[in-house]
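A.B. asks: Please read through the structure below; I'll follow up with questions.
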Amino acid sequence: MKILFYGTKNYDEEFFEKLLPSYPGITIKFTEANIHEETASLAKGYEAICAFVNADLSTPVIEELNAQGVKLILMRCAGYNNVDLETAHKFGMKVMRVPGYSPEAVAEHAMALALTANRHTHKAYIKCRENNFSLSGLMGLNFYQKTAGIIGTGKIGQAMAKICKGFGMRVIAYDLFPNKSLDYLEYVSLDELLATSDLISLHCPLTEETKHIINEKTIAKMKDGVVLVNTSRGGLIKTEDLISGIRDHKFSAVGLDVYEEETDFVFEDMSERILQSSITQRLLSFPNVVMTSHQGFFTKEALTNIAETTMENAKAFMNGDELKNEVLS
C-alpha cells in the first residue's frame, strides 16, 4: 500500500522512517505541502493519504481525493473536526486517527503555559538577559490551595487534573459525559466551574456543542483574575470576546497553544511576513498573554506513539483487520 504524507517536517519523517522496515507492503512518500484543494491531486496513485491537525479535508478536497482513488485517510493526530466525514463515508473512504498518543505531553504543556503566564517567566528571562533584575511586572499568584477547573475529562483532561492535584489544588471538572470513576476530581455544572475556578484549562474536542464555549457570557461568569489555558482547539474560544475580557482585566493570565487563526500558519515560519489579520497580533500585544505554536504534543514520546499507531492503522486497513481507531459519522 502506498501512502502520501502531507505537511510533513523533518521530525515527522524521522519517526516514521524508523518504523518502515517493520511494515512490509507499505511504502510512504513525504511532502512538505499541506493538503488543500490545489494539492489534493498529488494523491494520484496512492491508496491512502496521511494528514495532520492543520489539514484542509473539507468537501472539495475529499471529492478530489476520491477522484484520485484514495480509499483511506490517516490522521496522525487525535482531532478530526477538520475532516468532512459525511462526504468521506459517502465515497466509502475510511478515516482513522490516533486517539491517544501522550496525554501527559499536552497536559504538562498546559501547566507550563499556566505557570509561565502566571509567574511571567517569559518576561523575566528576557529582562535578565538584558541585565535587568528588577521585579517590576513579575508578580503572580500561588496555585497551591486554589481551585482548578478542567473542562473536558478525557485522557488529557485527566492528566491535567492529576498535575493540578499534585500542586495542592482543589480540582473540579465539567464534562458532557462525566467519568464517575475519577476520585481525584469533583464534577460540577459549567456555571459553578466558571464561577469558582482560579485556573480554567480546556481539554475538550471541538464540536457543535463546544464551539465558542468560552464567550462573552461565560467569561462574565468567571472570577476576576482567573487564569485561562487552552491546549485543545482554538475554536473553543471566541477570540474577540477573549480580547474584550483581557481588556476588561478579567484575566490575570492567559496561556494559548491553539487559536482560531492558526490553520494557515501553524508550524510555519512567518517571521519575515506581515500577517493579514490582526487578531493574533492583538493577542500577542497583551503583557499577560503567552502563546506557543501548537506544540503541546511535541515530545519524543508522543511522536513515537503517533508514528506507531498510524502505521498500525495502515497495516490493519491493508490486511483487512478490525479498524480499532476508525472515525465513524
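We label chains A, B, ... in the order they appear in the C-alpha cells, count residues from 1 in each chain, and number ligands from 1 in the order shown.
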Would you list the contacts of A:Phe251 as a PyMOL selection string, taking every protein, DNA or RNA residue within 6 Å and counting only C-alpha atoms, but skipping same-chain residues closer than 4 positions in sequence?
C.D. replies: chain A and resi 225-227+246
A.B. asks: Point out the residue among A:Leu199, A:Ile237, A:Ala43, A:Leu135 with the least atom-to-atom distance to A:Cys164, counting only C-alpha atoms.
C.D. replies: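 Counting only C-alpha atoms, the residue closest to A:Cys164 is A:Leu199.
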A.B. asks: Please list as an mmCIF file with C-alpha atoms, in the first residue's frame every residue within 7 Å of A:Tyr187, counting only C-alpha atoms and excluding residues in the same chain fewer than 2 positions away.
C.D. replies:
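Heads up, here's the output in part28.cif:
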data_model
loop_
_atom_site.group_PDB
_atom_site.id
_atom_site.type_symbol
_atom_site.label_atom_id
_atom_site.label_comp_id
_atom_site.auth_asym_id
_atom_site.auth_seq_id
_atom_site.Cartn_x
_atom_site.Cartn_y
_atom_site.Cartn_z
ATOM 1 C CA ILE A 172 -13.340 20.401 39.778
ATOM 2 C CA ALA A 173 -14.453 19.420 36.300
ATOM 3 C CA TYR A 174 -17.194 19.716 33.726
ATOM 4 C CA LEU A 185 -11.790 15.469 40.932
#
A.B. asks: Using only C-alpha atoms, what table do you get, as a tab-separated table, when you list each residue of stretch 285-328 of chain A with an atom no more than 8 Å from stretch 91-105 of chain A, its nearest pair of atoms, and their distance in Å rounded to one decimal, rows by chain then rising number?
C.D. replies:
residue	atom	partner	partner_atom	distance
A:Gly296	CA	A:Ala105	CA	6.3
A:Phe297	CA	A:Ala105	CA	5.7
A:Phe298	CA	A:Ala105	CA	7.3
A:Thr299	CA	A:Ala105	CA	6.6
A:Glu301	CA	A:Ser102	CA	6.9
A:Ala302	CA	A:Ser102	CA	4.9
A:Leu303	CA	A:Tyr101	CA	7.6
A:Asn305	CA	A:Tyr101	CA	5.1
A:Ile306	CA	A:Tyr101	CA	5.6
A:Thr309	CA	A:Val98	CA	6.1
A:Thr310	CA	A:Val98	CA	6.6
A:Asn313	CA	A:Met96	CA	6.8
A:Leu323	CA	A:Met96	CA	7.8
A:Asn325	CA	A:Met96	CA	5.4
A:Glu326	CA	A:Met96	CA	4.3
A:Val327	CA	A:Val95	CA	5.5
A:Leu328	CA	A:Val95	CA	7.7
A.B. asks: Looking at A:Lys9, A:Gly157, A:His89, A:Gly25, which one is nearest to A:Glu108, with distances taken over only C-alpha atoms?
C.D. replies: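 Under the stated criterion, the closest residue is A:Gly157.
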A.B. asks: Identify which of the residues A:Ser189, A:Glu38, A:Met1, A:Glu47 lies closest to A:Tyr23, counting only C-alpha atoms when measuring atom-to-atom distances.
C.D. replies: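 Residue with the minimum atom-to-atom distance to A:Tyr23: A:Met1.
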A.B. asks: Write out as a PyMOL selection string each polymer residue whose atoms come within 10 Å of A:Lys162, counting only C-alpha atoms; drop sequence neighbours fewer than 6 positions from it.
C.D. replies: chain A and resi 104+107+156+168-169+171+184-185
A.B. asks: So which residues touch stretch 285-292 of chain A within 7 Å, counting only C-alpha atoms, skipping near sequence neighbours fewer than 6 positions away, as a list in words?
C.D. replies: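 That gives Leu113, Ala117, Ser252, Ala253, Val254, Gly255, Leu256 and Asp257 of chain A.
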A.B. asks: Save the residues we just selected, N, CA and C atoms, as a short mmCIF file (atom, residue, chain, number, x, y, z; two decimals), in the first residue's frame?
C.D. replies:
data_model
loop_
_atom_site.label_atom_id
_atom_site.label_comp_id
_atom_site.auth_asym_id
_atom_site.auth_seq_id
_atom_site.Cartn_x
_atom_site.Cartn_y
_atom_site.Cartn_z
N LEU A 113 2.25 26.42 30.40
CA LEU A 113 1.66 27.69 29.97
C LEU A 113 1.06 28.44 31.14
N ALA A 117 2.55 32.01 32.18
CA ALA A 117 1.69 33.20 32.10
C ALA A 117 1.48 33.81 33.48
N SER A 252 -6.06 37.33 34.94
CA SER A 252 -4.72 37.67 35.40
C SER A 252 -3.68 37.14 34.41
N ALA A 253 -4.01 36.03 33.74
CA ALA A 253 -3.07 35.45 32.76
C ALA A 253 -3.83 34.54 31.80
N VAL A 254 -3.33 34.47 30.57
CA VAL A 254 -3.91 33.61 29.55
C VAL A 254 -2.78 32.87 28.84
N GLY A 255 -2.91 31.56 28.73
CA GLY A 255 -1.92 30.76 28.00
C GLY A 255 -2.59 30.01 26.86
N LEU A 256 -2.11 30.23 25.63
CA LEU A 256 -2.74 29.65 24.45
C LEU A 256 -1.72 28.88 23.62
N ASP A 257 -1.98 27.62 23.40
CA ASP A 257 -1.18 26.84 22.45
C ASP A 257 -1.92 26.68 21.14
#
A.B. asks: If you measure from atom CA of A:Arg119 to atom CA of A:Leu141, what distance in Å do you get, rounded to one decimal?
C.D. replies: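 Between these atoms lies a distance of 7.3 Å.
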A.B. asks: List as a list in words the protein and nucleic acid residues near A:Ser41, meaning an atom at most 12 Å away when only C-alpha atoms are counted, but skip any in the same chain fewer than 4 places from it.
C.D. replies: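 What passes the distance filter is Leu4, Tyr6, Ala33, Asn34, Ile35, His36, Glu37, Gly45, Tyr46, Ile49, Pro60, Val61, Ile62, Glu63, Glu64, Leu65, Asn66, Ala67, Gln68, Gly69 and Val70 of chain A.
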A.B. asks: With only C-alpha atoms as the counted atoms, please give the residues lying no more than 12 Å from A:Glu192, apart from itself and same-chain residues fewer than 6 positions off, as a list in words.
C.D. replies: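 Everything that qualifies: Thr147, Ala148, Gly149, Ile150, Ile151, Ile172, Ala173, Tyr174, Glu186, Asp198, Ile200, Thr218, Lys221, Met222 and Lys223 of chain A.
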A.B. asks: In stretch 155-279 of chain A, what's strand (DSSP E or B) per DSSP? Answer as a ChimeraX atom specification?
C.D. replies: /A:170-174,186-187,199-202,214,226-230,237,251-256
A.B. asks: Running DSSP on the backbone, which parts of stretch 35-84 of chain A land in alpha helix (DSSP H), as a PyMOL selection string?
C.D. replies: chain A and resi 59-67
A.B. asks: When distances are computed from only C-alpha atoms, which of A:Ile26, A:Ala78, A:Lys2, A:Glu32 shows the smallest separation from A:Ala48?
C.D. replies: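 Of A:Ile26, A:Ala78, A:Lys2, A:Glu32, the one nearest A:Ala48 is A:Lys2, counting only C-alpha atoms.
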A.B. asks: Calculate how many Å separate atom CA of A:Lys250 from atom CA of A:Ala220, rounding to one decimal.
C.D. replies: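 These atoms are spaced 8.2 Å apart.
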A.B. asks: From the options A:Ala88, A:Val53, A:Leu72, A:Val229, which residue's atoms come nearest to A:His109, counting only C-alpha atoms?
C.D. replies: A:Val229
